[in-house]
file model_13.txt (compact mmCIF, C-alpha atoms)
# COMPACT_ATOMS: atom_id res chain seq x y z
CA MET A 238 -45.47 -217.96 71.25
CA GLY A 239 -45.33 -220.91 69.10
CA ALA A 240 -47.11 -221.32 65.84
CA HIS A 241 -49.26 -224.29 65.35
CA LEU A 242 -48.48 -226.28 62.22
CA ASP A 243 -50.77 -228.91 60.86
CA HIS A 244 -49.63 -232.11 59.23
CA SER A 245 -48.88 -230.40 55.89
CA GLY A 246 -46.44 -227.96 57.43
CA ILE A 247 -48.48 -224.87 56.46
CA ARG A 248 -50.17 -222.67 58.98
CA PRO A 249 -53.97 -223.15 58.97
CA GLY A 250 -54.83 -219.61 57.83
CA LEU A 251 -52.40 -219.67 54.90
CA ARG A 252 -53.58 -222.69 52.97
CA ARG A 253 -53.53 -222.44 49.25
CA LYS A 254 -56.90 -222.16 47.62
CA ARG A 255 -57.60 -224.01 44.46
CA TYR A 256 -58.15 -222.00 41.31
CA ARG A 257 -61.74 -222.23 40.23
CA PRO A 258 -62.77 -221.07 36.75
CA VAL A 259 -65.29 -218.23 36.66
CA SER A 260 -68.52 -219.42 35.13
CA GLU A 261 -70.04 -215.94 34.65
CA ILE A 262 -70.16 -214.15 31.32
CA ASN A 263 -68.78 -210.63 31.32
CA VAL A 264 -71.38 -208.62 29.39
CA THR A 265 -69.79 -205.20 29.85
CA PRO A 266 -67.99 -205.18 26.46
CA PHE A 267 -71.18 -206.38 24.77
CA VAL A 268 -73.21 -203.57 26.35
CA ASP A 269 -70.56 -201.02 25.37
CA VAL A 270 -70.67 -202.11 21.73
CA MET A 271 -74.49 -202.09 21.69
CA LEU A 272 -74.61 -198.55 23.10
CA VAL A 273 -72.16 -197.31 20.46
CA LEU A 274 -74.22 -198.95 17.69
CA LEU A 275 -77.41 -197.44 19.11
CA ILE A 276 -75.89 -193.96 19.03
CA VAL A 277 -74.59 -194.45 15.47
CA PHE A 278 -78.01 -195.57 14.21
CA MET A 279 -79.81 -192.76 16.05
CA VAL A 280 -77.56 -190.22 14.36
CA THR A 281 -77.66 -191.71 10.85
CA ALA A 282 -81.34 -192.74 10.62
CA PRO A 283 -82.73 -189.20 10.14
CA LEU A 284 -80.12 -188.55 7.46
CA LEU A 285 -81.32 -191.49 5.36
CA SER A 286 -84.80 -190.06 4.78
CA VAL A 287 -83.93 -186.46 4.00
CA GLY A 288 -85.03 -186.25 0.36
CA VAL A 289 -85.30 -183.04 -1.61
CA PRO A 290 -85.80 -180.06 0.73
CA VAL A 291 -89.12 -178.32 0.10
CA ASP A 292 -91.34 -176.09 2.22
CA LEU A 293 -94.65 -177.97 2.24
CA PRO A 294 -97.92 -176.09 2.76
CA LYS A 295 -99.95 -176.88 5.89
CA THR A 296 -103.33 -178.65 5.93
CA GLU A 297 -105.93 -179.88 8.40
CA ALA A 298 -106.49 -183.22 6.58
CA ALA A 299 -105.93 -186.53 8.33
CA THR A 300 -102.92 -188.70 7.48
CA LEU A 301 -103.21 -191.76 5.27
CA ASN A 302 -102.25 -195.15 6.71
CA ASP A 303 -101.28 -197.64 4.00
CA SER A 304 -98.73 -200.43 4.13
CA ASP A 305 -97.21 -200.26 0.61
CA GLU A 306 -94.51 -197.72 -0.18
CA PRO A 307 -95.62 -194.90 -2.51
CA LEU A 308 -93.59 -193.14 -5.19
CA ILE A 309 -92.76 -189.55 -4.30
CA VAL A 310 -92.51 -186.85 -6.96
CA THR A 311 -91.18 -183.50 -5.72
CA VAL A 312 -91.42 -180.04 -7.28
CA ASN A 313 -88.97 -177.69 -5.54
CA LYS A 314 -89.15 -173.90 -5.28
CA ASP A 315 -87.37 -173.47 -8.64
CA GLY A 316 -89.91 -175.69 -10.43
CA ASP A 317 -87.50 -178.60 -10.88
CA VAL A 318 -89.04 -182.09 -10.79
CA PHE A 319 -87.55 -185.02 -8.82
CA LEU A 320 -88.56 -188.69 -8.75
CA ASP A 321 -87.72 -189.78 -5.22
CA GLU A 322 -84.40 -187.91 -4.97
CA GLU A 323 -83.28 -188.09 -8.60
CA PRO A 324 -83.70 -184.93 -10.72
CA THR A 325 -85.66 -185.42 -13.92
CA ASP A 326 -87.77 -183.47 -16.38
CA LEU A 327 -91.49 -184.01 -16.92
CA PRO A 328 -91.39 -186.19 -20.10
CA ARG A 329 -88.70 -188.44 -18.61
CA LEU A 330 -90.66 -188.64 -15.33
CA VAL A 331 -93.75 -190.02 -17.03
CA ALA A 332 -91.67 -192.41 -19.17
CA THR A 333 -89.82 -193.67 -16.10
CA LEU A 334 -93.06 -194.20 -14.16
CA VAL A 335 -94.64 -196.10 -17.05
CA ALA A 336 -91.50 -198.19 -17.67
CA THR A 337 -91.04 -199.20 -14.02
CA HIS A 338 -94.67 -199.44 -12.86
CA GLY A 339 -96.67 -199.70 -16.07
CA ALA A 340 -98.07 -203.08 -15.08
CA ASN A 341 -99.40 -201.59 -11.83
CA PRO A 342 -101.40 -198.38 -12.42
CA ASP A 343 -102.81 -198.67 -8.85
CA ILE A 344 -99.51 -197.70 -7.26
CA ARG A 345 -99.74 -194.56 -5.11
CA VAL A 346 -97.89 -191.47 -6.33
CA PHE A 347 -97.46 -188.59 -3.89
CA VAL A 348 -96.62 -185.15 -5.27
CA ARG A 349 -94.77 -182.78 -2.94
CA GLY A 350 -94.83 -179.16 -4.04
CA ASP A 351 -92.97 -176.30 -2.38
CA ALA A 352 -95.29 -173.73 -0.79
CA SER A 353 -93.74 -170.92 -2.84
CA ILE A 354 -94.16 -172.65 -6.23
CA GLN A 355 -97.01 -171.67 -8.53
CA TYR A 356 -100.02 -173.94 -8.23
CA GLY A 357 -100.09 -174.41 -12.01
CA ARG A 358 -96.69 -176.12 -12.07
CA VAL A 359 -97.76 -178.67 -9.45
CA MET A 360 -101.02 -179.31 -11.31
CA GLU A 361 -99.09 -179.74 -14.57
CA VAL A 362 -96.99 -182.48 -12.95
CA MET A 363 -100.06 -184.15 -11.43
CA GLY A 364 -101.91 -183.95 -14.76
CA GLN A 365 -99.07 -185.62 -16.65
CA ILE A 366 -98.91 -188.44 -14.08
CA SER A 367 -102.70 -188.94 -14.21
CA ALA A 368 -102.66 -188.87 -18.02
CA ALA A 369 -100.09 -191.67 -18.00
CA GLY A 370 -102.71 -193.93 -16.35
CA PHE A 371 -101.87 -193.65 -12.68
CA LYS A 372 -105.10 -193.47 -10.69
CA LYS A 373 -103.84 -192.80 -7.16
CA VAL A 374 -102.12 -189.42 -7.37
CA ALA A 375 -102.23 -187.24 -4.24
CA LEU A 376 -100.66 -184.08 -2.82
CA LEU A 377 -98.56 -184.08 0.34
CA ALA A 378 -98.71 -181.27 2.90
CA LYS A 379 -97.50 -180.57 6.45
CA LEU A 380 -99.90 -180.87 9.36
CA PRO A 381 -100.31 -177.58 11.25
CA ASP A 382 -98.67 -177.04 14.62
CA ALA A 383 -100.84 -177.52 17.70
CA LYS A 384 -100.24 -173.88 18.73
CA SER A 385 -101.33 -172.38 15.40
CA SER A 386 -104.52 -174.47 15.16
CA LYS A 387 -105.64 -173.46 18.68
CA ALA A 388 -104.95 -169.76 18.03
CA GLN A 389 -107.42 -169.67 15.11
call {"tool": "encode", "arguments": {"input": "model_13.txt", "output": "structure tokens"}}
result
Amino acid sequence: MGAHLDHSGIRPGLRRKRYRPVSEINVTPFVDVMLVLLIVFMVTAPLLSVGVPVDLPKTEAATLNDSDEPLIVTVNKDGDVFLDEEPTDLPRLVATLVATHGANPDIRVFVRGDASIQYGRVMEVMGQISAAGFKKVALLAKLPDAKSSKAQ
């Protein structure tokens, strides 16, 4: 039972292997970070476009598809007026619209009115905006559910 030794004095099965650098990129940490960022953005994105909470009336009209961003004026259930998400009163609303967009009367202005608010208050806001020279003033409404439109 003798062991065979080669000329280096080390048994043939126990030779030292040379260290070779790994040329692969470990993408696991990168994927982990991307998944965490995806989850963070999925959670925060709906919170960024909340706006003033109103209960919009439903309509059968088709949606508008335009590329430029409209101004949104909201009248909540208490009759308070908001420009985007900032509370304002009617005279300041018109002055702000004229001061910021006076050179462009073709900008679109969407008026969102709560379903429980009196129609006259929404028309008062729309009338003031139209009187200030804005030509593209429109009402926003919710589209009906598929179930409710089929039941009628």
call {"tool": "residues_around", "arguments": {"input": "model_13.txt", "residues": "segment 363-370 of chain A", "least_positions_apart": "3", "cutoff": "12 Å", "atoms": "all atoms listed in the file", "output": "PDB file with C-alpha atoms, keeping the file's coordinate frame"}}
result
ATOM      1  CA  LEU A 308     -93.590-193.140  -5.190  1.00  0.00           C
ATOM      2  CA  ILE A 309     -92.760-189.550  -4.300  1.00  0.00           C
ATOM      3  CA  VAL A 310     -92.510-186.850  -6.960  1.00  0.00           C
ATOM      4  CA  THR A 311     -91.180-183.500  -5.720  1.00  0.00           C
ATOM      5  CA  VAL A 312     -91.420-180.040  -7.280  1.00  0.00           C
ATOM      6  CA  VAL A 318     -89.040-182.090 -10.790  1.00  0.00           C
ATOM      7  CA  LEU A 320     -88.560-188.690  -8.750  1.00  0.00           C
ATOM      8  CA  ASP A 326     -87.770-183.470 -16.380  1.00  0.00           C
ATOM      9  CA  LEU A 327     -91.490-184.010 -16.920  1.00  0.00           C
ATOM     10  CA  PRO A 328     -91.390-186.190 -20.100  1.00  0.00           C
ATOM     11  CA  ARG A 329     -88.700-188.440 -18.610  1.00  0.00           C
ATOM     12  CA  LEU A 330     -90.660-188.640 -15.330  1.00  0.00           C
ATOM     13  CA  VAL A 331     -93.750-190.020 -17.030  1.00  0.00           C
ATOM     14  CA  ALA A 332     -91.670-192.410 -19.170  1.00  0.00           C
ATOM     15  CA  THR A 333     -89.820-193.670 -16.100  1.00  0.00           C
ATOM     16  CA  LEU A 334     -93.060-194.200 -14.160  1.00  0.00           C
ATOM     17  CA  VAL A 335     -94.640-196.100 -17.050  1.00  0.00           C
ATOM     18  CA  ALA A 336     -91.500-198.190 -17.670  1.00  0.00           C
ATOM     19  CA  HIS A 338     -94.670-199.440 -12.860  1.00  0.00           C
ATOM     20  CA  GLY A 339     -96.670-199.700 -16.070  1.00  0.00           C
ATOM     21  CA  ALA A 340     -98.070-203.080 -15.080  1.00  0.00           C
ATOM     22  CA  ASN A 341     -99.400-201.590 -11.830  1.00  0.00           C
ATOM     23  CA  PRO A 342    -101.400-198.380 -12.420  1.00  0.00           C
ATOM     24  CA  ASP A 343    -102.810-198.670  -8.850  1.00  0.00           C
ATOM     25  CA  ILE A 344     -99.510-197.700  -7.260  1.00  0.00           C
ATOM     26  CA  ARG A 345     -99.740-194.560  -5.110  1.00  0.00           C
ATOM     27  CA  VAL A 346     -97.890-191.470  -6.330  1.00  0.00           C
ATOM     28  CA  PHE A 347     -97.460-188.590  -3.890  1.00  0.00           C
ATOM     29  CA  VAL A 348     -96.620-185.150  -5.270  1.00  0.00           C
ATOM     30  CA  ARG A 349     -94.770-182.780  -2.940  1.00  0.00           C
ATOM     31  CA  GLY A 350     -94.830-179.160  -4.040  1.00  0.00           C
ATOM     32  CA  TYR A 356    -100.020-173.940  -8.230  1.00  0.00           C
ATOM     33  CA  GLY A 357    -100.090-174.410 -12.010  1.00  0.00           C
ATOM     34  CA  ARG A 358     -96.690-176.120 -12.070  1.00  0.00           C
ATOM     35  CA  VAL A 359     -97.760-178.670  -9.450  1.00  0.00           C
ATOM     36  CA  MET A 360    -101.020-179.310 -11.310  1.00  0.00           C
ATOM     37  CA  LYS A 373    -103.840-192.800  -7.160  1.00  0.00           C
ATOM     38  CA  VAL A 374    -102.120-189.420  -7.370  1.00  0.00           C
ATOM     39  CA  ALA A 375    -102.230-187.240  -4.240  1.00  0.00           C
ATOM     40  CA  LEU A 376    -100.660-184.080  -2.820  1.00  0.00           C
ATOM     41  CA  LEU A 377     -98.560-184.080   0.340  1.00  0.00           C
TER      42      LEU A 377
END
call {"tool": "closest_residue", "arguments": {"input": "model_13.txt", "among": "A:Tyr256, A:Pro307, A:Leu275, A:Val362", "to": "Thr325 of chain A", "atoms": "only C-alpha atoms"}}
result
A:Val362
call {"tool": "atom_distance", "arguments": {"input": "model_13.txt", "atom1": "atom CA of Lys314 of chain A", "atom2": "atom CA of Lys379 of chain A"}}
result
15.9 Å
call {"tool": "atom_distance", "arguments": {"input": "model_13.txt", "atom1": "atom CA of Gln355 of chain A", "atom2": "atom CA of Lys295 of chain A"}}
result
15.6 Å
call {"tool": "decode", "arguments": {"input": "model_13.txt", "residues": "segment 354-366 of chain A", "atoms": "all heavy atoms", "output": "short mmCIF file (atom, residue, chain, number, x, y, z; two decimals), in the first residue's frame"}}
result
data_model
loop_
_atom_site.label_atom_id
_atom_site.label_comp_id
_atom_site.auth_asym_id
_atom_site.auth_seq_id
_atom_site.Cartn_x
_atom_site.Cartn_y
_atom_site.Cartn_z
N ILE A 354 -73.39 69.40 -4.33
CA ILE A 354 -73.38 70.87 -4.34
C ILE A 354 -74.49 71.38 -5.27
O ILE A 354 -74.89 70.71 -6.22
CB ILE A 354 -72.00 71.42 -4.79
CG1 ILE A 354 -71.87 72.92 -4.57
CG2 ILE A 354 -71.76 71.13 -6.24
CD1 ILE A 354 -71.63 73.25 -3.16
N GLN A 355 -75.00 72.56 -4.98
CA GLN A 355 -76.03 73.14 -5.83
C GLN A 355 -75.43 73.50 -7.19
O GLN A 355 -74.31 73.99 -7.29
CB GLN A 355 -76.61 74.39 -5.19
CG GLN A 355 -77.45 74.12 -3.99
CD GLN A 355 -78.08 75.40 -3.45
OE1 GLN A 355 -77.86 76.49 -3.97
NE2 GLN A 355 -78.86 75.26 -2.40
N TYR A 356 -76.20 73.25 -8.22
CA TYR A 356 -75.75 73.48 -9.59
C TYR A 356 -75.39 74.95 -9.81
O TYR A 356 -74.45 75.27 -10.53
CB TYR A 356 -76.87 73.06 -10.54
CG TYR A 356 -76.55 73.22 -12.00
CD1 TYR A 356 -75.61 72.40 -12.62
CD2 TYR A 356 -77.20 74.18 -12.77
CE1 TYR A 356 -75.33 72.54 -13.96
CE2 TYR A 356 -76.92 74.33 -14.11
CZ TYR A 356 -75.99 73.50 -14.71
OH TYR A 356 -75.71 73.64 -16.03
N GLY A 357 -76.10 75.85 -9.14
CA GLY A 357 -75.85 77.28 -9.30
C GLY A 357 -74.46 77.69 -8.86
O GLY A 357 -73.85 78.57 -9.47
N ARG A 358 -73.93 77.07 -7.82
CA ARG A 358 -72.58 77.42 -7.35
C ARG A 358 -71.53 77.02 -8.38
O ARG A 358 -70.60 77.77 -8.64
CB ARG A 358 -72.31 76.73 -6.00
CG ARG A 358 -70.94 76.97 -5.44
CD ARG A 358 -70.72 78.42 -5.05
NE ARG A 358 -69.43 78.56 -4.39
CZ ARG A 358 -68.75 79.67 -4.38
NH1 ARG A 358 -69.25 80.76 -4.91
NH2 ARG A 358 -67.60 79.73 -3.78
N VAL A 359 -71.69 75.85 -8.97
CA VAL A 359 -70.74 75.41 -10.00
C VAL A 359 -70.84 76.32 -11.22
O VAL A 359 -69.82 76.72 -11.80
CB VAL A 359 -71.01 73.93 -10.39
CG1 VAL A 359 -70.11 73.49 -11.52
CG2 VAL A 359 -70.82 73.03 -9.18
N MET A 360 -72.04 76.69 -11.61
CA MET A 360 -72.21 77.58 -12.76
C MET A 360 -71.67 78.98 -12.47
O MET A 360 -71.17 79.66 -13.38
CB MET A 360 -73.69 77.66 -13.17
CG MET A 360 -74.19 76.37 -13.80
SD MET A 360 -73.14 75.75 -15.14
CE MET A 360 -73.21 77.07 -16.31
N GLU A 361 -71.76 79.42 -11.23
CA GLU A 361 -71.18 80.71 -10.85
C GLU A 361 -69.67 80.70 -11.04
O GLU A 361 -69.10 81.65 -11.61
CB GLU A 361 -71.53 81.01 -9.39
CG GLU A 361 -70.97 82.30 -8.86
CD GLU A 361 -71.25 82.49 -7.37
OE1 GLU A 361 -71.88 81.61 -6.75
OE2 GLU A 361 -70.83 83.54 -6.85
N VAL A 362 -69.03 79.62 -10.63
CA VAL A 362 -67.58 79.50 -10.80
C VAL A 362 -67.23 79.45 -12.28
O VAL A 362 -66.32 80.15 -12.75
CB VAL A 362 -67.05 78.25 -10.06
CG1 VAL A 362 -65.59 77.99 -10.38
CG2 VAL A 362 -67.24 78.40 -8.55
N MET A 363 -67.96 78.64 -13.05
CA MET A 363 -67.69 78.54 -14.49
C MET A 363 -67.92 79.88 -15.19
O MET A 363 -67.16 80.25 -16.09
CB MET A 363 -68.56 77.46 -15.12
CG MET A 363 -68.14 76.05 -14.77
SD MET A 363 -69.08 74.81 -15.63
CE MET A 363 -68.48 75.01 -17.29
N GLY A 364 -68.97 80.60 -14.78
CA GLY A 364 -69.25 81.89 -15.39
C GLY A 364 -68.16 82.91 -15.13
O GLY A 364 -67.79 83.67 -16.02
N GLN A 365 -67.63 82.92 -13.91
CA GLN A 365 -66.54 83.85 -13.59
C GLN A 365 -65.29 83.54 -14.41
O GLN A 365 -64.61 84.45 -14.88
CB GLN A 365 -66.22 83.78 -12.09
CG GLN A 365 -67.29 84.37 -11.20
CD GLN A 365 -67.34 85.88 -11.31
OE1 GLN A 365 -66.34 86.54 -11.56
NE2 GLN A 365 -68.53 86.44 -11.13
N ILE A 366 -65.00 82.26 -14.57
CA ILE A 366 -63.81 81.86 -15.35
C ILE A 366 -64.01 82.24 -16.81
O ILE A 366 -63.10 82.76 -17.46
CB ILE A 366 -63.54 80.35 -15.18
CG1 ILE A 366 -63.17 80.05 -13.73
CG2 ILE A 366 -62.44 79.89 -16.12
CD1 ILE A 366 -63.10 78.58 -13.40
#
